[in-house]
Each structure stands twice: as structure tokens, then as C-alpha cells.
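Down below is the structure, laid out as C-alpha cells.
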Amino acid sequence: MKRHVEGLVRQALSAAIAAGELGAQEPPAFAVEVPGDPRFGDLSTNAALVLARAEGRPPQAIARLLAGHLEAAAPGGWLKGPPEVAGPGFINIRLAPAFWQRILAEALAAGEAYGRSAAGAGRRAQVEFVSANPTGPLTVGHGRNAVIGDTLARLLVATGWRVEREYYFNNAGRQMKVLAESVRARYLELIGGPAGFPEDGYRGDYVRDIARGLVERHGAALARDDGAAFRAAAEQSIFAAIRATQERLGIAFDHYFNEDSLYRSGAIERTLAALEARGLVERREGAVWLRGVAVGLEQDRVLVKSSGEPAYRLPDIAYHLDKLARGFDAVIDVLGADHIAEHQEVAAALRALGADAARIRPVIYQFVTLTRHGEQVKMSTRRAEYVTLDELLDEVGVDAARFFFLMRKSDSHLEFDLDLAKQQSTDNPVFYVQYAYARIASVLRQAAESGIPLAAEPDLSPLGDPEVEVVRAVASYPDVVETAARDLEPHRVVFHALDLAGAFHRYYNRQRILTEDRALTQARLALVCAVQQVLRGALGLAGVTAPERM
């Protein structure tokens, strides 16, 4: 939709320049947007405002000039009245049914490719997401991370990027030692030995299950093990469960990167040495510190603890150096809000090392609050007071979980209403969208049963003002996909699906699709086919099914 109008504005600018009415040598960059208030037309451009300073003329005067050229450039029947000059110099444009019919024909001709583009131009992107520590089952918070990351990857693929999905397997560091100690304590309890549970240990039932499995396989033979067997068993068991949960969500990774490989390869030592060679570290109090002032941070940060163990930010710096070395044009990290400071520290260190940190784009998501019967469900992984992602999927299903995780902008807090997610009514957003798809499927079945075929190249001229709201929503889909991918905002996809479903439901309740007028029926069937096509595409990007019957 915007593409066509942008073309008209560019033609108008070129005509004004060619006529000597503007001093510019070529059309400037300008925007075409959908006004927030429909009273201001279907689309609006700021082209006159952009030119005003360079031209030394009031933007309203330039807008009036361009409005005339716009009207002349538009194909016959595209404009619903002359363009209007509004406010400080915006040009508001109203589009006629003929324009919307053209857009609808293009959508139908494109088929399943509608909404896809080559904006990424074959560039390479890595999306790293989930990357949960293998210390317990995936929680609801991990679920939001997973769905955001997977939907971003789908959006990038749809816009012409070559995408690699990566999971950073954080299997080194203190948390793995604590996990091993937790399993060992439960194991010793089960074989009747002395067991002191670590104060900050993991208390979930899964820890006891892992210990029980070791007893079944080894009896008491591991009583003197130094912890290696317990760590290996925990890591293997927990990560197998994590992968199974991801598969339930329809998520598959192209690459799993093990944190301990950074230790084995010497990458962490090399990273520390590179920082030290540039004078970016300081040794004091038995620890190694990243000098905050030297890298643009307000405070120094620990790189290696006094115990000799690297702090989490050091392997993260080494990991991101590895990512950049792999040649990705964009490196996208999906991170919880508690990692904002860490990301800033890593990015600062990378810049200080001369790395191209601008290629790294963080997507920060806020936490999830579960509510049931209007009350918050408490969650704490270590104390085992939490709802696992599997439990959520068991309760509300994959479709509802994925859709609800995308129903807020990533950096906004998400309140997940369990009761609403389970409702089989149009109050439930995912049901509302899927019901629109199923309704169209029902209409198409009725048409087939009545012997009304779908025209290969339907005459859309019978469509008019009653259909404009629906066609406008169909027409905006490619812009939504491209914008969502460019700005890394996957929520836009489900927002658009809700808008389109709403427009269709309102249309369905006001208008008959199967009428006595064969030409009108054929045109309306073509319209609902386009709606169904877009809904299927949007739901597919969100990883949600499109049911034929409900």
C-alpha cells in the first residue's frame, strides 16, 4: 500500500523539480504513514515539511504545489478527491475503491509469497535466544524468550535474510557446580548416606528425579564421586528436557554453542590477554577488573573473581568475539531485562577491542506474570515455586502460549491471563483470529457445495466502500512484516492479525458474501480468500496453527 503512494509522491516531486518549481536536484527522503485518525485520510506524507528549510518557503505552500502534481500523477480512479494540505504542511491522501481493487488483485496474484520481500538481500543474521542455563526446566519466562526469538527468525527469513538460530549452552561456571552439589545431596539422601543440602541449591523435584535415576543405574557406587558424574547426569537430563520442550513449541536450533568450549579453546584467556594488552584491565584485591572509564562505563566490572573463576561477562565477551568472527551481518541477542547492564558491559568491551559491536542488536524483553482467577502465580526457579513452560503448554496449548507471548511489545511487562488463554470464545485473542480463518474456510466450503467456483482472475470491480476496511488491512500486511523484521518487533504480527480478524468479523456480520449476484459473490469470495491468505501468513510467522474448523 505505502509502496504505491510513495511512488506517486516521488513522481510529484520529480515533476515539480523538472518544472523548476523546486530548487532541489532530486527528490528528498520522505515518509508516507497511515494517520492515527482516519479523518485525515488513508495515507499522509511529510514531503513538504522535509523540503521547507532547504527551499526557504512555508511548508504549506510546498504542500499545495505537490498536491497538484500528486493528483496529476495518480492513475485514473485511484484518488478519492484531491489531496488535502493539513496542519503544518502534511499532505493527506484518500484512496478510491479502484486503488484498493488493484492492491487486492496484487495480493491474490502473489499468493503465499504475499508479505515476503527481499529487504534482507541475502545478508546473514544470527538469532541467539532461549540460552537458558541447564540447571532446571524451562520456565514461563524462557517461553517468552523462545517465542520472541523464533518469531524474529521467521520474520527475517520472510524478508530475505539467511538466518541461523543459535542456543548458547551455558554449561560452565558456578551454577553448574551448585547443580551438581544439589543432585549429589539428593543422591546421598536416597542411599542413606550423610547429606548436607547446599544453602543455595536447586530444590526442584527434577533434581530428586535425576538423583533417583543415578541410584537405579549405579546403586551406591557414586557415593565418593567428586561431582563429575552428578554434573554430567544433570546436564544431560535437563538439556534433553529443554530440547523436548522447545520441540513442543515448534522450535529447532541450527547450532548449539557450548560455553565450556570457550575454556577448552583458550578463547577466554586470549580475550583477557587482549583486554590487558590495551590497558583495559586492572588487577587488585586478588581479582581482575575491567576498567570502566577506559571502556566508557561508569564503574569497573569484575572479569575474574578472587577465586580465579571468570565472572560471567568475560566468557560473554569471548563468545561475542566468536560470533562476530563468523561473519554475520547482524547478531541478534534475545535477553531478559535483568541482562541489560551485562549487554552494555559486553558491548563496551567489544568496542574497546576494536570489534564491530554495532552489528550486535539486543532485543530486551520484560518478565512475565502469570495470573489465575485474577491473582498472580508466584514463580522462583531455585526454590521450586514456579510454573514450568511444559505445565503452561499442558494447560493452555501451544497456539495460545505462542500468541499470548507476542501480545505485548518485547520491552513491556506481559501479564499472561491463564483463564483467558483457555477460553473458547472470541474474548480470547488467539481464538478470535483463528475463528476468522475458520469462518472463511466455512464460507469457501459453502460456496463449493453451492457450485460456485473461485475465479482464477476475478473481476473485483463490484467491490466498493463496504470492503475498504478489510482490503486496507490486507494491503498493510507487507509493510507490517517488513517493519517488524527491520525494527525487531514481532508483536506487530499478532497485532495486525487481530486488526485484520476484527475487520473481517465486522464485514461478515454486515454483509452477505454468498449473494444472488454472481459477480458480486465472486468478488467477495476473492476478498475473503485474500484475508485467509494473510491470516495464514501472519499466524505462520507467529508459529500458530490456522484451523479449517472450530
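Order determines the names: the first chain of the C-alpha cells is A, the second B, and so forth; residues in each chain are numbered 1 upward, and ligands are numbered 1 upward as they are shown.
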Can you list, as number ranges by chain, every protein, DNA or RNA residue that comes within 9 Å of Val127 (chain A) when you count only C-alpha atoms, leaving out same-chain residues fewer than 6 positions away? A: 149-150, 152-153, 163-167, 330-334
What would the file look like if the residues just selected were written as a PDB file, in the first residue's frame with C-alpha atoms?
ATOM      1  CA  GLY A 149      13.401 -15.305  19.162  1.00  0.00           C
ATOM      2  CA  ASP A 150      11.742 -17.868  16.923  1.00  0.00           C
ATOM      3  CA  LEU A 152      12.091 -12.879  14.835  1.00  0.00           C
ATOM      4  CA  ALA A 153      13.937 -15.604  12.939  1.00  0.00           C
ATOM      5  CA  VAL A 163      19.182 -16.904   9.339  1.00  0.00           C
ATOM      6  CA  GLU A 164      20.952 -19.155  11.828  1.00  0.00           C
ATOM      7  CA  ARG A 165      19.255 -19.908  15.131  1.00  0.00           C
ATOM      8  CA  GLU A 166      21.699 -20.444  17.991  1.00  0.00           C
ATOM      9  CA  TYR A 167      21.402 -21.599  21.591  1.00  0.00           C
ATOM     10  CA  ALA A 330      23.539  -8.927  12.195  1.00  0.00           C
ATOM     11  CA  VAL A 331      23.887 -10.647  15.558  1.00  0.00           C
ATOM     12  CA  ILE A 332      20.611 -10.559  17.476  1.00  0.00           C
ATOM     13  CA  ASP A 333      20.588 -11.398  21.183  1.00  0.00           C
ATOM     14  CA  VAL A 334      17.219 -12.003  22.864  1.00  0.00           C
TER      15      VAL A 334
END
Tell me, as an MDAnalysis selection string, which residues lie within 9 Å of Arg492 (chain A), counting only C-alpha atoms; anything in the same chain fewer than 6 positions away does not count. chainID A and resid 406:409 480:481 483:484
Measuring atom to atom with only C-alpha atoms, identify which of A:Ala456, A:Ile440, A:Leu414, A:Ala277 is nearest to Phe504 (chain A).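 Looking only at the distances to Phe504 (chain A), the closest residue turns out to be A:Ile440.
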Hey, can you check how far CA of Phe129 (chain A) sits from CA of Ala244 (chain A)?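 Atom-to-atom, CA of Phe129 (chain A) to CA of Ala244 (chain A), that is 15.9 Å.
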I'd like the contact shell of Ser461 (chain A) - 10 Å cut-off, only C-alpha atoms, skipping same-chain residues fewer than 3 positions apart - returned as number ranges by chain. A: 97-98, 100-102, 458, 464, 519-520, 523
Find the spatial neighbours of Leu420 (chain A), counting only C-alpha atoms, within a cut-off of 10 Å - ignore same-chain residues fewer than 2 positions away - and output them as an MDAnalysis selection string. chainID A and resid 371:373 396 400 404 416:418 422:425 427:430
Can you list, as an MDAnalysis selection string, all residues belonging to region 300-528 of chain A that DSSP tags as strand (DSSP E)? chainID A and resid 301:304 330:336 360:365 368:372 375:377 414:417
Distance table requested - region 387-482 of chain A against region 42-58 of chain A, cut-off 12 Å, only C-alpha atoms: one row per qualifying residue with the closest atom pair and its distance in Å to one decimal, ordered by chain and rising residue number, as CSV.
residue,atom,partner,partner_atom,distance
A:Val468,CA,A:Asp42,CA,10.3
A:Glu469,CA,A:Asp42,CA,10.3
A:Val471,CA,A:Asp42,CA,11.9
A:Arg472,CA,A:Asp42,CA,8.7
A:Ala473,CA,A:Asp42,CA,11.4
A:Ala475,CA,A:Asp42,CA,11.5
A:Ser476,CA,A:Asp42,CA,11.1
What's the 10 Å shell around region 431-439 of chain A, counting only C-alpha atoms, without same-chain residues fewer than 3 positions away, as a VMD selection string? chain A and resid 399 to 400 403 421 to 428 442 to 445 494 497 to 505 508 528 to 529 531 to 536 539 544 to 550
So that I can see what lies close to Arg278 (chain A), please list as a PyMOL selection string the residues with an atom at most 10 Å from it, counting only C-alpha atoms and leaving out residues fewer than 2 positions away in the same chain. chain A and resi 273-276+280-281+294+352-353
May I have the residues from that selection written out with N, CA, C and O atoms, as a PDB file, in the first residue's frame?
ATOM      1  N   ALA A 273      43.752 -11.542  27.645  1.00  0.00           N
ATOM      2  CA  ALA A 273      45.066 -11.026  27.254  1.00  0.00           C
ATOM      3  C   ALA A 273      44.922  -9.819  26.322  1.00  0.00           C
ATOM      4  O   ALA A 273      45.674  -8.842  26.425  1.00  0.00           O
ATOM      5  N   ALA A 274      43.936  -9.872  25.422  1.00  0.00           N
ATOM      6  CA  ALA A 274      43.713  -8.753  24.501  1.00  0.00           C
ATOM      7  C   ALA A 274      43.260  -7.513  25.255  1.00  0.00           C
ATOM      8  O   ALA A 274      43.705  -6.394  24.952  1.00  0.00           O
ATOM      9  N   LEU A 275      42.403  -7.701  26.241  1.00  0.00           N
ATOM     10  CA  LEU A 275      41.959  -6.571  27.060  1.00  0.00           C
ATOM     11  C   LEU A 275      43.131  -5.975  27.845  1.00  0.00           C
ATOM     12  O   LEU A 275      43.285  -4.755  27.950  1.00  0.00           O
ATOM     13  N   GLU A 276      43.966  -6.876  28.376  1.00  0.00           N
ATOM     14  CA  GLU A 276      45.105  -6.418  29.174  1.00  0.00           C
ATOM     15  C   GLU A 276      46.124  -5.697  28.300  1.00  0.00           C
ATOM     16  O   GLU A 276      46.710  -4.678  28.708  1.00  0.00           O
ATOM     17  N   LEU A 280      43.094  -2.187  29.422  1.00  0.00           N
ATOM     18  CA  LEU A 280      41.695  -2.073  29.798  1.00  0.00           C
ATOM     19  C   LEU A 280      41.355  -2.812  31.086  1.00  0.00           C
ATOM     20  O   LEU A 280      40.194  -2.806  31.504  1.00  0.00           O
ATOM     21  N   VAL A 281      42.359  -3.457  31.695  1.00  0.00           N
ATOM     22  CA  VAL A 281      42.093  -4.199  32.924  1.00  0.00           C
ATOM     23  C   VAL A 281      43.009  -3.722  34.040  1.00  0.00           C
ATOM     24  O   VAL A 281      44.050  -3.103  33.798  1.00  0.00           O
ATOM     25  N   ALA A 294      37.900   3.399  31.043  1.00  0.00           N
ATOM     26  CA  ALA A 294      38.630   3.128  29.800  1.00  0.00           C
ATOM     27  C   ALA A 294      37.721   2.627  28.687  1.00  0.00           C
ATOM     28  O   ALA A 294      38.038   2.781  27.504  1.00  0.00           O
ATOM     29  N   ALA A 352      35.964  -1.391  22.725  1.00  0.00           N
ATOM     30  CA  ALA A 352      37.319  -1.054  23.160  1.00  0.00           C
ATOM     31  C   ALA A 352      38.359  -1.962  22.510  1.00  0.00           C
ATOM     32  O   ALA A 352      39.514  -1.566  22.326  1.00  0.00           O
ATOM     33  N   LEU A 353      37.938  -3.175  22.156  1.00  0.00           N
ATOM     34  CA  LEU A 353      38.831  -4.114  21.481  1.00  0.00           C
ATOM     35  C   LEU A 353      38.864  -3.894  19.976  1.00  0.00           C
ATOM     36  O   LEU A 353      39.557  -4.618  19.252  1.00  0.00           O
TER      37      LEU A 353
END
Let's see if you can do this: from backbone DSSP, list all helix (DSSP H, G or I) residues in region 81-111 of chain A, as number ranges by chain. A: 97-111
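The gap separating CA of Pro137 (chain A) from CA of Tyr187 (chain A) is 19.2 Å, in Å to one decimal.
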Find the residues near Tyr365 (chain A): any atom within 9 Å, counting only C-alpha atoms, skip ones fewer than 6 places away on the same chain, and give them as a PyMOL selection string. chain A and resi 144-145+148+334-337+409-413
Dump C-alpha atoms for the selected residues as an mmCIF file, in the first residue's frame?
data_model
loop_
_atom_site.group_PDB
_atom_site.id
_atom_site.type_symbol
_atom_site.label_atom_id
_atom_site.label_comp_id
_atom_site.auth_asym_id
_atom_site.auth_seq_id
_atom_site.Cartn_x
_atom_site.Cartn_y
_atom_site.Cartn_z
ATOM 1 C CA ARG A 144 8.581 -15.675 26.109
ATOM 2 C CA ASN A 145 12.243 -15.569 25.106
ATOM 3 C CA ILE A 148 10.167 -13.856 20.545
ATOM 4 C CA VAL A 334 17.219 -12.003 22.864
ATOM 5 C CA LEU A 335 17.798 -11.123 26.505
ATOM 6 C CA GLY A 336 15.763 -10.746 29.676
ATOM 7 C CA ALA A 337 15.542 -7.318 31.300
ATOM 8 C CA LYS A 409 5.942 -5.246 22.831
ATOM 9 C CA SER A 410 9.022 -7.158 23.974
ATOM 10 C CA ASP A 411 10.196 -4.459 26.362
ATOM 11 C CA SER A 412 6.781 -4.256 28.053
ATOM 12 C CA HIS A 413 5.756 -6.372 31.012
#
I'd like to know which of A:Pro453, A:Gly327, A:Gly77, A:Gly296 is closest to Arg351 (chain A), using only C-alpha atoms.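 Closest to Arg351 (chain A) of all the choices is A:Gly296.
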